[in-house]
Amino acid sequence: MSRTVFCRKYQQDLEGLERPPFPGPKGEELFQTVSKKAWQEWLAQQTMLINEKHLNVMDPATRPYLDAQREHFLDNEPFDKAEGYTPPDKG
């Protein structure tokens, strides 16, 4: 049976993550407050940011940038988007 959390992004009860996304207090906080749906959407955004902005994930300066963008995304605040990306037409 899946667990339910009150998702901070969608402000409703949704299916939660199966485990914390990473160790430590921040991972536990995300586990308790972020839905599986919101996390999957963040991972897609993060991938686009890494690819479009040519971020080096081995560079120590990249992690704080991505952490900040994740928080903005999950809190429904303005966040950096990949320039030039056009979502596929759903028609």
# chains A, B, ... in the order shown; residues from 1 in each chain; ligands from 1

$ residues_around --residues "Trp42 in chain A" --least-positions-apart "4" --cutoff "7 Å" --atoms "only C-alpha atoms" --output "list of chain:residue names"
A:Ala38, A:Gln46, A:Arg70

$ residues_around --residues "Gln32 in chain A" --least-positions-apart "2" --cutoff "12 Å" --atoms "only C-alpha atoms" --output "ChimeraX atom specification"
/A:3-8,13-21,25-30,34-36,39

$ atom_distance --atom1 "CA of Gln40 in chain A" --atom2 "CA of Asn56 in chain A"
21.1 Å

$ select_by_dssp --residues "chain A" --states "helix (DSSP H, G or I)" --output "number ranges by chain"
A: 25-33, 36-52, 62-74

$ select_by_dssp --residues "range 3-90 of chain A" --states "strand (DSSP E)" --output "list in words"
Thr4, Val5, Phe6, Cys7, Gln12, Asp13, Leu14 and Glu15 of chain A

$ write_last_selection --atoms "N, CA and C atoms" --output "PDB file, in the first residue's frame"
ATOM      1  N   THR A   4       0.555   8.263   1.741  1.00  0.00           N
ATOM      2  CA  THR A   4       0.021   9.538   1.272  1.00  0.00           C
ATOM      3  C   THR A   4       0.671  10.660   2.073  1.00  0.00           C
ATOM      4  N   VAL A   5       0.989  11.753   1.372  1.00  0.00           N
ATOM      5  CA  VAL A   5       1.515  12.949   2.035  1.00  0.00           C
ATOM      6  C   VAL A   5       0.714  14.151   1.567  1.00  0.00           C
ATOM      7  N   PHE A   6       0.710  15.201   2.384  1.00  0.00           N
ATOM      8  CA  PHE A   6       0.133  16.463   1.950  1.00  0.00           C
ATOM      9  C   PHE A   6       1.248  17.182   1.193  1.00  0.00           C
ATOM     10  N   CYS A   7       1.128  17.216  -0.131  1.00  0.00           N
ATOM     11  CA  CYS A   7       2.181  17.736  -0.994  1.00  0.00           C
ATOM     12  C   CYS A   7       2.246  19.257  -0.915  1.00  0.00           C
ATOM     13  N   GLN A  12      -2.351  19.256  -1.687  1.00  0.00           N
ATOM     14  CA  GLN A  12      -3.375  18.224  -1.534  1.00  0.00           C
ATOM     15  C   GLN A  12      -2.699  16.902  -1.171  1.00  0.00           C
ATOM     16  N   ASP A  13      -3.500  15.964  -0.672  1.00  0.00           N
ATOM     17  CA  ASP A  13      -2.981  14.646  -0.346  1.00  0.00           C
ATOM     18  C   ASP A  13      -2.742  13.866  -1.628  1.00  0.00           C
ATOM     19  N   LEU A  14      -1.504  13.405  -1.789  1.00  0.00           N
ATOM     20  CA  LEU A  14      -1.111  12.634  -2.966  1.00  0.00           C
ATOM     21  C   LEU A  14      -0.188  11.502  -2.537  1.00  0.00           C
ATOM     22  N   GLU A  15       0.059  10.569  -3.442  1.00  0.00           N
ATOM     23  CA  GLU A  15       0.961   9.465  -3.164  1.00  0.00           C
ATOM     24  C   GLU A  15       2.351  10.001  -2.858  1.00  0.00           C
TER      25      GLU A  15
END
